[in-house]
Structure formats: structure tokens, C-alpha cells
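Student: First the structure, then my questions, so here it is.
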Amino acid sequence: MLLQTVRKSLLDEKAELLKLGIDLDAPKDTKEVDQQTLEDLSQKKALMGVQELANDVKYTEPMKTDWRPPRHIRETTEEERDKLRRKWHIIAEGEDIPPPIKDFKDMRFPKPTLDLLKSKGIERPTPIQVQGLPVALSGRDMIGIAFTGSGKTLVFSLPMVMIALEQVGGGGMETCATCCETCAQETKMPIMRGEGPFGLCINPSRELARQVR
């Protein structure tokens, strides 16, 4: 006896699921999606490349930078930091998280950068920037989740520029934050053939790449 099974089409399968009250196209709750994303990315190997996994590479130290928050920020207690995070509705998970900073000046950006931000109408950091900028400036890895238009681009672009200046000029962000003459010297230094890139921004779409540019 020859038995032949006919595979149902995807449309037929979807119709049967709809009869059972299951709609795969129904939008999921935003909190549920965010939670699932965090769970998927919480694995230690989620952000590692194939070559790193093959060679069993393990990173135990963050990328070294010269940036440090001001002393009055460093001396705040963990309770004070958590209070500020709650005020700004910031949820942060990790080990030895850099303190949130609610002022661009305390993030030790050079005066030309502060003036440029002010000319663009950006005078106070948004919640993602309050916590994200100190993390990125510290050389730490970070996964940031925030609404569209909340200022995520600035969180990685500003530290990328500052760290690039540090690599090119060697003056360091600590000096750069207090002496604009150092910034001028760094920008005058030519980049030799074979140097770089000093920063790489990877975008999932052409539209987002244009926005970042």
C-alpha cells in the first residue's frame, strides 16, 4: 500500500490557526518584546564573533580610556545613583556600572563640543544619555534600549569622536575636557597612511546610516 501525504500550504496552516484563535501576526506587548530581547542578549556569547568563539577568547577588562567623571560624581554613593536612575526612569543592569551624570559639563566634554550641542538646542542629556554616555566614555560594553528620538545616536557618536581624538593625539579625554588647546593640537595632527579606522558604526539599514551620518 502506498501512502502519500500532502503538505498543507502556509495559507492553509494560518487559516487553521486563526480558527483556533491563534494570530501569529498580532502585535506583541512592547514590554514583552523588550524582555525577550534582554533575555536573548544576556548570554555571554551573544556579542562575540565566530573567530572569538572558536579561539575561546574571553574579555575580562573594558577598553582603556583616560576618561573619569569628576570627583564629586565619583564620590556619590550607590544609593544616590540609584535614586537618580529612578528619577529619570533608568533601568540599568550589570557589574560596576558607571554613575549616571545629569549634566554634559560634568561628563568632561570640551567647551567647543558643549557650545555645538547648545547651538543645536541640546542643553540637557536625555535619560539614555544620562546613563549611556558615562558607560560608553568609560570604555564599557553596553546594550541600550530607548524610544525613537530619545537621543541614542549621541550616546555612541560623541564617545566615538572623543576616543578617536584620544587615539590620534594621545592627549587623552581627561586633558581634553579641561584644556581646549589640546583639542586644537590633536585636530592639527595628520593621520598617517595605514592608521585607522578609529571608530566603526554599523547600522542595520540605509535609512539609519543616513540619519547617523
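In the C-alpha cells, the first chain shown is A, the next is B, and so on; residue numbers restart at 1 for each chain, and ligands run from 1 in the order shown.
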Could you pull the residues within 9 Å of stretch 149-161 of chain A, counting only C-alpha atoms, minus those fewer than 4 positions along the same chain, as a PDB file with N, CA and C atoms, in the first residue's frame?

Tutor:
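Final output, saved to part_33.pdb:
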```
ATOM      1  N   PHE A 109      33.146  66.929  28.545  1.00  0.00           N
ATOM      2  CA  PHE A 109      33.308  67.221  27.130  1.00  0.00           C
ATOM      3  C   PHE A 109      33.990  68.583  26.985  1.00  0.00           C
ATOM      4  N   THR A 113      32.608  71.327  22.068  1.00  0.00           N
ATOM      5  CA  THR A 113      31.547  70.321  21.950  1.00  0.00           C
ATOM      6  C   THR A 113      30.299  70.788  22.680  1.00  0.00           C
ATOM      7  N   PRO A 125      21.084  66.336  28.956  1.00  0.00           N
ATOM      8  CA  PRO A 125      21.027  64.964  28.422  1.00  0.00           C
ATOM      9  C   PRO A 125      19.682  64.302  28.690  1.00  0.00           C
ATOM     10  N   THR A 126      19.283  63.430  27.796  1.00  0.00           N
ATOM     11  CA  THR A 126      18.079  62.633  27.970  1.00  0.00           C
ATOM     12  C   THR A 126      18.403  61.435  28.867  1.00  0.00           C
ATOM     13  N   PRO A 127      17.406  60.703  29.344  1.00  0.00           N
ATOM     14  CA  PRO A 127      17.686  59.569  30.234  1.00  0.00           C
ATOM     15  C   PRO A 127      18.691  58.560  29.675  1.00  0.00           C
ATOM     16  N   ILE A 128      18.583  58.210  28.386  1.00  0.00           N
ATOM     17  CA  ILE A 128      19.521  57.245  27.822  1.00  0.00           C
ATOM     18  C   ILE A 128      20.927  57.826  27.793  1.00  0.00           C
ATOM     19  N   GLN A 129      21.034  59.157  27.654  1.00  0.00           N
ATOM     20  CA  GLN A 129      22.343  59.803  27.646  1.00  0.00           C
ATOM     21  C   GLN A 129      22.892  59.970  29.057  1.00  0.00           C
ATOM     22  N   GLY A 132      23.950  56.290  29.523  1.00  0.00           N
ATOM     23  CA  GLY A 132      24.687  55.682  28.419  1.00  0.00           C
ATOM     24  C   GLY A 132      26.013  56.355  28.117  1.00  0.00           C
ATOM     25  N   LEU A 133      26.076  57.680  28.171  1.00  0.00           N
ATOM     26  CA  LEU A 133      27.322  58.374  27.867  1.00  0.00           C
ATOM     27  C   LEU A 133      28.438  58.035  28.856  1.00  0.00           C
ATOM     28  N   PRO A 134      28.200  58.036  30.176  1.00  0.00           N
ATOM     29  CA  PRO A 134      29.259  57.616  31.092  1.00  0.00           C
ATOM     30  C   PRO A 134      29.728  56.189  30.853  1.00  0.00           C
ATOM     31  N   ALA A 136      29.693  54.509  27.905  1.00  0.00           N
ATOM     32  CA  ALA A 136      30.489  54.466  26.676  1.00  0.00           C
ATOM     33  C   ALA A 136      31.835  55.167  26.855  1.00  0.00           C
ATOM     34  N   LEU A 137      31.844  56.305  27.540  1.00  0.00           N
ATOM     35  CA  LEU A 137      33.096  57.028  27.766  1.00  0.00           C
ATOM     36  C   LEU A 137      34.056  56.232  28.637  1.00  0.00           C
ATOM     37  N   SER A 138      33.515  55.340  29.456  1.00  0.00           N
ATOM     38  CA  SER A 138      34.349  54.501  30.320  1.00  0.00           C
ATOM     39  C   SER A 138      34.954  53.322  29.566  1.00  0.00           C
ATOM     40  N   GLY A 139      34.530  53.127  28.307  1.00  0.00           N
ATOM     41  CA  GLY A 139      35.043  52.015  27.529  1.00  0.00           C
ATOM     42  C   GLY A 139      34.323  50.712  27.788  1.00  0.00           C
ATOM     43  N   GLY A 144      21.799  49.458  24.806  1.00  0.00           N
ATOM     44  CA  GLY A 144      20.854  50.489  25.232  1.00  0.00           C
ATOM     45  C   GLY A 144      19.537  50.374  24.497  1.00  0.00           C
ATOM     46  N   ILE A 145      18.458  50.390  25.231  1.00  0.00           N
ATOM     47  CA  ILE A 145      17.111  50.317  24.648  1.00  0.00           C
ATOM     48  C   ILE A 145      16.341  51.566  25.051  1.00  0.00           C
ATOM     49  N   LEU A 165      39.865  61.030  18.991  1.00  0.00           N
ATOM     50  CA  LEU A 165      40.812  62.117  19.247  1.00  0.00           C
ATOM     51  C   LEU A 165      41.911  61.668  20.207  1.00  0.00           C
ATOM     52  N   GLU A 166      41.514  60.875  21.189  1.00  0.00           N
ATOM     53  CA  GLU A 166      42.487  60.377  22.152  1.00  0.00           C
ATOM     54  C   GLU A 166      43.520  59.482  21.462  1.00  0.00           C
ATOM     55  N   PHE A 198      39.496  54.595  13.429  1.00  0.00           N
ATOM     56  CA  PHE A 198      39.457  54.840  14.867  1.00  0.00           C
ATOM     57  C   PHE A 198      38.062  54.630  15.446  1.00  0.00           C
ATOM     58  N   GLY A 199      37.099  54.473  14.577  1.00  0.00           N
ATOM     59  CA  GLY A 199      35.733  54.207  15.027  1.00  0.00           C
ATOM     60  C   GLY A 199      34.950  53.558  13.902  1.00  0.00           C
ATOM     61  N   LEU A 200      34.064  52.657  14.256  1.00  0.00           N
ATOM     62  CA  LEU A 200      33.248  51.961  13.262  1.00  0.00           C
ATOM     63  C   LEU A 200      31.801  51.922  13.743  1.00  0.00           C
ATOM     64  N   CYS A 201      30.904  52.440  12.924  1.00  0.00           N
ATOM     65  CA  CYS A 201      29.487  52.452  13.256  1.00  0.00           C
ATOM     66  C   CYS A 201      28.757  51.547  12.271  1.00  0.00           C
ATOM     67  N   GLN A 211      20.823  58.763   8.758  1.00  0.00           N
ATOM     68  CA  GLN A 211      20.488  59.548   9.955  1.00  0.00           C
ATOM     69  C   GLN A 211      21.708  59.756  10.840  1.00  0.00           C
ATOM     70  N   VAL A 212      22.480  58.686  11.035  1.00  0.00           N
ATOM     71  CA  VAL A 212      23.678  58.777  11.878  1.00  0.00           C
ATOM     72  C   VAL A 212      24.700  59.708  11.255  1.00  0.00           C
TER      73      VAL A 212
END
```

Student: Select from stretch 86-186 of chain A every residue with an atom at most 10 Å from any atom of stretch 78-81 of chain A, then for each give the shortest pair of atoms and their distance in Å to one decimal, using only C-alpha atoms, rows by chain and rising number, as a tab-separated table.

Tutor:
```
residue	atom	partner	partner_atom	distance
A:Arg86	CA	A:Arg81	CA	8.7
A:Lys87	CA	A:Arg81	CA	9.9
A:Ile97	CA	A:Glu78	CA	9.8
A:Pro98	CA	A:Arg81	CA	9.3
A:Pro99	CA	A:Arg81	CA	6.2
A:Pro100	CA	A:Arg81	CA	6.6
A:Ile101	CA	A:Arg81	CA	9.0
```

Student: Of the candidates A:Ala164, A:Met192, A:Lys64, A:Val130, which one gets nearest to A:Arg85 if we count only C-alpha atoms?

Tutor: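 Residue with the minimum atom-to-atom distance to A:Arg85: A:Val130.
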
Student: Any idea what's packed within 7 Å of A:Pro69, counting only C-alpha atoms, ignoring anything in its chain fewer than 2 positions away? Could you give it as a PyMOL selection string?

Tutor: chain A and resi 67+71+73-74+106-107

Student: Please indicate the distance in Å from atom CA of A:Glu52 to atom CA of A:Ala92, rounded to one decimal place.

Tutor: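 Separation between atom CA of A:Glu52 and atom CA of A:Ala92: 26.6 Å.
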
Student: Between atom CA of A:Thr60 and atom CA of A:Asp96, what is the distance, to one decimal in Å?

Tutor: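 These two atoms are separated by 12.9 Å.
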
Student: For each of A:Ile91, A:Lys83, A:Asp66, A:Leu116, take the minimum atom-to-atom distance to A:Met162, counting only C-alpha atoms, then give the residue where this is smallest.

Tutor: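 Closest residue, counting only C-alpha atoms: A:Asp66.
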
Student: Among the residues of stretch 74-189 of chain A, find those DSSP assigns to helix (DSSP H, G or I) from the backbone and print them as a PyMOL selection string.

Tutor: chain A and resi 74+78-87+105-107+111-119+127-137+152-169+173-176+180-188

Student: Could you please determine the separation between atom CA of A:Leu84 and atom CA of A:Pro62 in Å, to one decimal place?

Tutor: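 About the pair atom CA of A:Leu84 and atom CA of A:Pro62: they are 24.4 Å apart.
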
Student: For A:Trp88, which of A:Arg193, A:Glu16, A:Gln131, A:Thr65 is the closest residue, counting only C-alpha atoms?

Tutor: A:Gln131
